[in-house]
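Shown here: run-v7.csv, CSV, C-alpha atoms.
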chain,number,residue,atom,x,y,z
A,7,GLU,CA,-47.1,53.8,-51.7
A,8,ILE,CA,-47.0,54.9,-55.3
A,9,GLU,CA,-44.5,57.6,-56.2
A,10,ASN,CA,-45.4,60.4,-58.6
A,11,ASN,CA,-43.4,61.4,-61.6
A,12,GLU,CA,-42.2,65.0,-61.9
A,13,ASP,CA,-45.3,65.8,-64.0
A,14,GLY,CA,-47.6,64.4,-61.3
A,15,THR,CA,-48.5,61.2,-63.2
A,16,HIS,CA,-47.9,57.8,-61.9
A,17,ASP,CA,-45.2,55.6,-63.3
A,18,PRO,CA,-46.8,52.3,-64.5
A,19,LEU,CA,-44.0,50.3,-63.1
A,20,GLU,CA,-44.4,51.9,-59.7
A,21,TYR,CA,-48.1,51.1,-59.9
A,22,LEU,CA,-47.4,47.5,-60.8
A,23,LEU,CA,-44.9,47.1,-58.0
A,24,ALA,CA,-47.1,48.7,-55.4
A,25,SER,CA,-50.1,46.6,-56.4
A,26,HIS,CA,-48.3,43.3,-56.9
A,27,LEU,CA,-45.3,42.9,-54.5
A,28,ARG,CA,-45.9,42.0,-50.9
A,29,GLU,CA,-43.8,43.4,-48.1
A,30,TRP,CA,-40.9,41.0,-47.3
A,31,ASP,CA,-39.8,40.0,-43.8
A,32,GLY,CA,-36.4,39.0,-45.1
A,33,GLN,CA,-36.8,35.2,-44.8
A,34,ARG,CA,-34.8,33.2,-47.3
A,35,CYS,CA,-36.5,33.6,-50.7
A,36,GLU,CA,-35.8,31.2,-53.5
A,37,ILE,CA,-36.9,31.5,-57.1
A,38,GLU,CA,-40.3,30.1,-56.4
A,39,GLN,CA,-41.1,32.9,-54.0
A,40,MET,CA,-39.2,35.8,-55.7
A,41,GLY,CA,-42.2,36.9,-57.8
A,42,ASP,CA,-44.1,37.6,-54.6
A,43,TYR,CA,-41.5,39.7,-52.9
A,44,ILE,CA,-38.7,40.7,-55.3
A,45,PHE,CA,-38.9,42.6,-58.6
A,46,LEU,CA,-36.1,41.3,-60.9
A,47,SER,CA,-35.6,43.9,-63.7
A,48,PRO,CA,-33.9,45.2,-65.6
A,49,GLY,CA,-30.8,43.0,-66.2
A,50,TRP,CA,-32.2,39.6,-65.5
A,51,SER,CA,-33.0,36.7,-67.8
A,52,PHE,CA,-36.0,34.5,-67.5
A,53,PRO,CA,-36.2,32.5,-64.3
A,54,GLU,CA,-35.2,28.8,-64.5
A,55,SER,CA,-36.0,26.0,-62.0
A,56,TRP,CA,-32.7,26.6,-60.1
A,57,GLY,CA,-32.7,30.4,-60.1
A,58,VAL,CA,-32.1,33.3,-62.6
A,59,TRP,CA,-29.1,34.5,-64.6
A,60,SER,CA,-28.0,38.1,-64.7
A,61,GLU,CA,-28.1,39.5,-68.2
A,62,GLY,CA,-25.7,42.3,-69.3
A,63,ASP,CA,-23.5,44.6,-67.3
A,64,GLU,CA,-25.9,45.2,-64.4
A,65,SER,CA,-29.0,43.8,-62.7
A,66,LEU,CA,-31.5,45.4,-60.4
A,67,LEU,CA,-33.4,43.8,-57.5
A,68,ARG,CA,-36.2,45.7,-55.8
A,69,PHE,CA,-38.3,44.9,-52.8
A,70,TYR,CA,-40.4,46.4,-50.0
A,71,PRO,CA,-39.0,45.3,-46.6
A,72,ILE,CA,-41.2,45.0,-43.5
A,73,PRO,CA,-39.7,47.7,-41.2
A,74,PRO,CA,-38.0,46.2,-38.2
A,75,GLU,CA,-39.8,46.9,-34.9
A,76,GLN,CA,-36.7,48.0,-33.0
A,77,ASP,CA,-33.9,50.3,-33.8
A,78,ILE,CA,-31.2,48.7,-35.8
A,79,GLU,CA,-27.7,49.7,-37.0
A,80,GLN,CA,-27.1,47.3,-39.8
A,81,VAL,CA,-28.8,44.9,-42.2
A,82,GLU,CA,-27.3,41.7,-43.6
A,83,LEU,CA,-28.0,40.8,-47.2
A,84,CYS,CA,-27.5,37.1,-47.7
A,85,PHE,CA,-26.8,36.1,-51.3
A,86,GLU,CA,-26.7,32.5,-52.6
A,87,GLY,CA,-25.8,32.0,-56.3
A,88,GLN,CA,-23.2,30.8,-58.8
A,89,TYR,CA,-21.0,32.4,-61.5
A,90,TYR,CA,-20.7,31.6,-65.2
A,91,GLY,CA,-17.4,31.9,-67.0
A,92,THR,CA,-14.5,33.7,-65.5
A,93,GLY,CA,-16.4,36.2,-63.3
A,94,GLY,CA,-16.3,35.8,-59.6
A,95,GLN,CA,-16.8,39.3,-58.2
A,96,THR,CA,-19.8,41.6,-58.3
A,97,ARG,CA,-20.0,45.3,-57.3
A,98,VAL,CA,-23.1,45.8,-55.0
A,99,GLU,CA,-25.0,49.1,-54.6
A,100,VAL,CA,-27.9,49.5,-52.2
A,101,CYS,CA,-30.2,52.5,-52.8
A,102,GLY,CA,-27.5,54.2,-54.8
A,103,GLN,CA,-24.7,53.7,-52.4
A,104,SER,CA,-21.8,51.4,-53.2
A,105,VAL,CA,-21.1,48.8,-50.5
A,106,GLY,CA,-18.3,46.9,-52.1
A,107,GLU,CA,-17.3,44.2,-54.5
A,108,PHE,CA,-18.0,40.6,-53.4
A,109,ASP,CA,-18.1,37.0,-54.5
A,110,LEU,CA,-21.8,36.4,-54.2
A,111,THR,CA,-21.7,32.6,-54.3
A,112,GLN,CA,-22.4,32.3,-50.6
A,113,CYS,CA,-22.0,35.9,-49.2
A,114,THR,CA,-23.3,38.1,-46.5
A,115,VAL,CA,-23.1,41.8,-47.2
A,116,ARG,CA,-23.6,44.2,-44.3
A,117,VAL,CA,-25.1,47.6,-45.1
A,118,PRO,CA,-26.1,50.6,-42.9
A,119,ALA,CA,-29.7,50.3,-41.7
A,120,GLY,CA,-30.4,53.8,-43.0
A,121,LEU,CA,-30.5,52.3,-46.5
A,122,PHE,CA,-33.5,50.3,-45.5
A,123,ARG,CA,-35.5,53.2,-44.2
A,124,GLY,CA,-37.3,54.1,-47.5
A,125,PRO,CA,-40.4,52.4,-48.7
A,126,ASP,CA,-38.4,50.2,-51.0
A,127,VAL,CA,-34.9,48.9,-51.3
A,128,LYS,CA,-33.0,48.8,-54.7
A,129,ILE,CA,-30.0,46.6,-55.1
A,130,ARG,CA,-27.9,47.1,-58.2
A,131,LEU,CA,-25.4,44.4,-59.1
A,132,ARG,CA,-22.6,45.5,-61.5
A,133,HIS,CA,-21.0,42.6,-63.2
A,134,ASN,CA,-17.3,42.6,-64.2
A,135,ASN,CA,-17.2,40.2,-67.1
A,136,PRO,CA,-20.5,38.9,-68.5
A,137,GLN,CA,-20.0,36.3,-71.2
A,138,SER,CA,-22.3,34.4,-73.6
A,139,PRO,CA,-22.5,30.7,-73.6
A,140,ARG,CA,-22.1,31.0,-77.4
A,141,GLU,CA,-18.6,32.6,-76.9
A,142,LEU,CA,-17.5,30.1,-74.2
A,143,GLU,CA,-19.1,26.9,-75.2
A,144,GLY,CA,-20.3,27.3,-78.8
A,145,VAL,CA,-23.9,26.7,-77.9
A,146,GLY,CA,-26.9,28.8,-79.3
A,147,ASP,CA,-27.2,31.1,-76.3
A,148,ASP,CA,-26.3,34.8,-77.0
A,149,ARG,CA,-27.2,36.1,-73.5
A,150,ARG,CA,-24.3,37.8,-71.7
A,151,ILE,CA,-24.6,36.2,-68.3
A,152,GLN,CA,-22.4,36.2,-65.2
A,153,TYR,CA,-24.2,35.8,-61.9
A,154,GLY,CA,-26.9,33.2,-61.2
A,155,LEU,CA,-29.1,34.2,-58.2
A,156,LYS,CA,-30.5,31.2,-56.4
A,157,ALA,CA,-31.7,32.8,-53.1
A,158,LEU,CA,-31.7,36.0,-51.2
A,159,ALA,CA,-32.5,36.9,-47.6
A,160,TRP,CA,-32.0,39.9,-45.3
A,161,ASN,CA,-31.7,40.2,-41.5
A,162,ALA,CA,-31.8,43.2,-39.2
A,163,LEU,CA,-28.9,43.5,-36.8
For this file, produce the structure as structure tokens.
Amino acid sequence: EIENNEDGTHDPLEYLLASHLREWDGQRCEIEQMGDYIFLSPGWSFPESWGVWSEGDESLLRFYPIPPEQDIEQVELCFEGQYYGTGGQTRVEVCGQSVGEFDLTQCTVRVPAGLFRGPDVKIRLRHNNPQSPRELEGVGDDRRIQYGLKALAWNAL
């Protein structure tokens, strides 16, 4: 479903998402499948063969979950990734609600099922200390990166 702006027009991004992304059943999604189910923007660099680096202070993930058939109380978000530099914690917000700060290397985050009731789910990752490879290693990469997302999944509980 495409949401209207306050003036009644359609947001081009909403149109793109609604017409391109498929509903996601929560099965483990690696970088090769993310373009089908998960919108990575803003705050993400270009995807690489292993995954994708966060870029800047925060990153947004957005997807359309297939609604569970039964009543559920919680949803598990299962992150797999890696950190660059000295960062090892990321604050996680789901649909505007803070759910805590976690090491997302191999992490399961439980959230209230009510946050999955809308047409889409927005996950904001707030990074504590993004650093550029130029600063740390002296290489020609000015991106301020911290978390590298390799895979994501979700499960209804």
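You will find CA of Pro118 (chain A) at 25.9 Å from CA of Trp50 (chain A).
For the choices A:Cys84, A:Val127, A:Ala162, A:Leu66, the atom-to-atom distance to Pro48 (chain A) is smallest for A:Leu66 when using all atoms listed in the file.
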Would you list the contacts of region 95-107 of chain A as an MDAnalysis selection string, taking every protein, DNA or RNA residue within 6 Å and counting only C-alpha atoms, but skipping same-chain residues closer than 6 positions in sequence?
chainID A and resid 128:133
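What separates CA of Val81 (chain A) from CA of Glu38 (chain A) is a distance of 23.5 Å.
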Judged by all atoms listed in the file, the minimum distance to Arg28 (chain A) among A:Glu86, A:Glu54, A:Asp126, A:Ile78 is found for A:Asp126
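With distances taken over all atoms listed in the file, A:Asn161 is the one residue among A:Thr111, A:Asn161, A:Asn135, A:Gln152 lying closest to Gln80 (chain A).
Separating CA of Gly144 (chain A) from CA of Phe52 (chain A) is a distance of 20.6 Å.
Minimum atom-to-atom distances from A:Val115, A:Asp77, A:Phe69, A:Asp63 to Met40 (chain A) were compared using only C-alpha atoms, and the lowest value belongs to A:Phe69.
The closest residue to Gly91 (chain A), picked from A:Tyr153, A:Trp56, A:Phe122, A:Trp30 and counting all atoms listed in the file, is A:Tyr153.
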Rank nothing, just name the residue among A:Gly57, A:Pro139, A:Gly120, A:Gly32 nearest to Tyr90 (chain A), using only C-alpha atoms.
A:Pro139
Give me the residues within 9 Å of Leu46 (chain A) as a PyMOL selection string, counting only C-alpha atoms and dropping any in the same chain fewer than 5 places off.
chain A and resi 40-41+51+65-68
Those residues you just picked out, can you put them in a file as a PDB file, keeping the file's coordinate frame with C-alpha atoms?
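Saved as part-v9.pdb:
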ATOM      1  CA  MET A  40     -39.200  35.800 -55.700  1.00  0.00           C
ATOM      2  CA  GLY A  41     -42.200  36.900 -57.800  1.00  0.00           C
ATOM      3  CA  SER A  51     -33.000  36.700 -67.800  1.00  0.00           C
ATOM      4  CA  SER A  65     -29.000  43.800 -62.700  1.00  0.00           C
ATOM      5  CA  LEU A  66     -31.500  45.400 -60.400  1.00  0.00           C
ATOM      6  CA  LEU A  67     -33.400  43.800 -57.500  1.00  0.00           C
ATOM      7  CA  ARG A  68     -36.200  45.700 -55.800  1.00  0.00           C
TER       8      ARG A  68
END
As a JSON list (two decimals) with C-alpha atoms, keeping the file's coordinate frame, please: the residues near Cys35 (chain A) (cut-off 7 Å, all atoms listed in the file, same-chain neighbours under 5 positions excluded).
[["chain", "number", "residue", "atom", "x", "y", "z"],
["A", 40, "MET", "CA", -39.20, 35.80, -55.70],
["A", 157, "ALA", "CA", -31.70, 32.80, -53.10],
["A", 158, "LEU", "CA", -31.70, 36.00, -51.20],
["A", 159, "ALA", "CA", -32.50, 36.90, -47.60]]
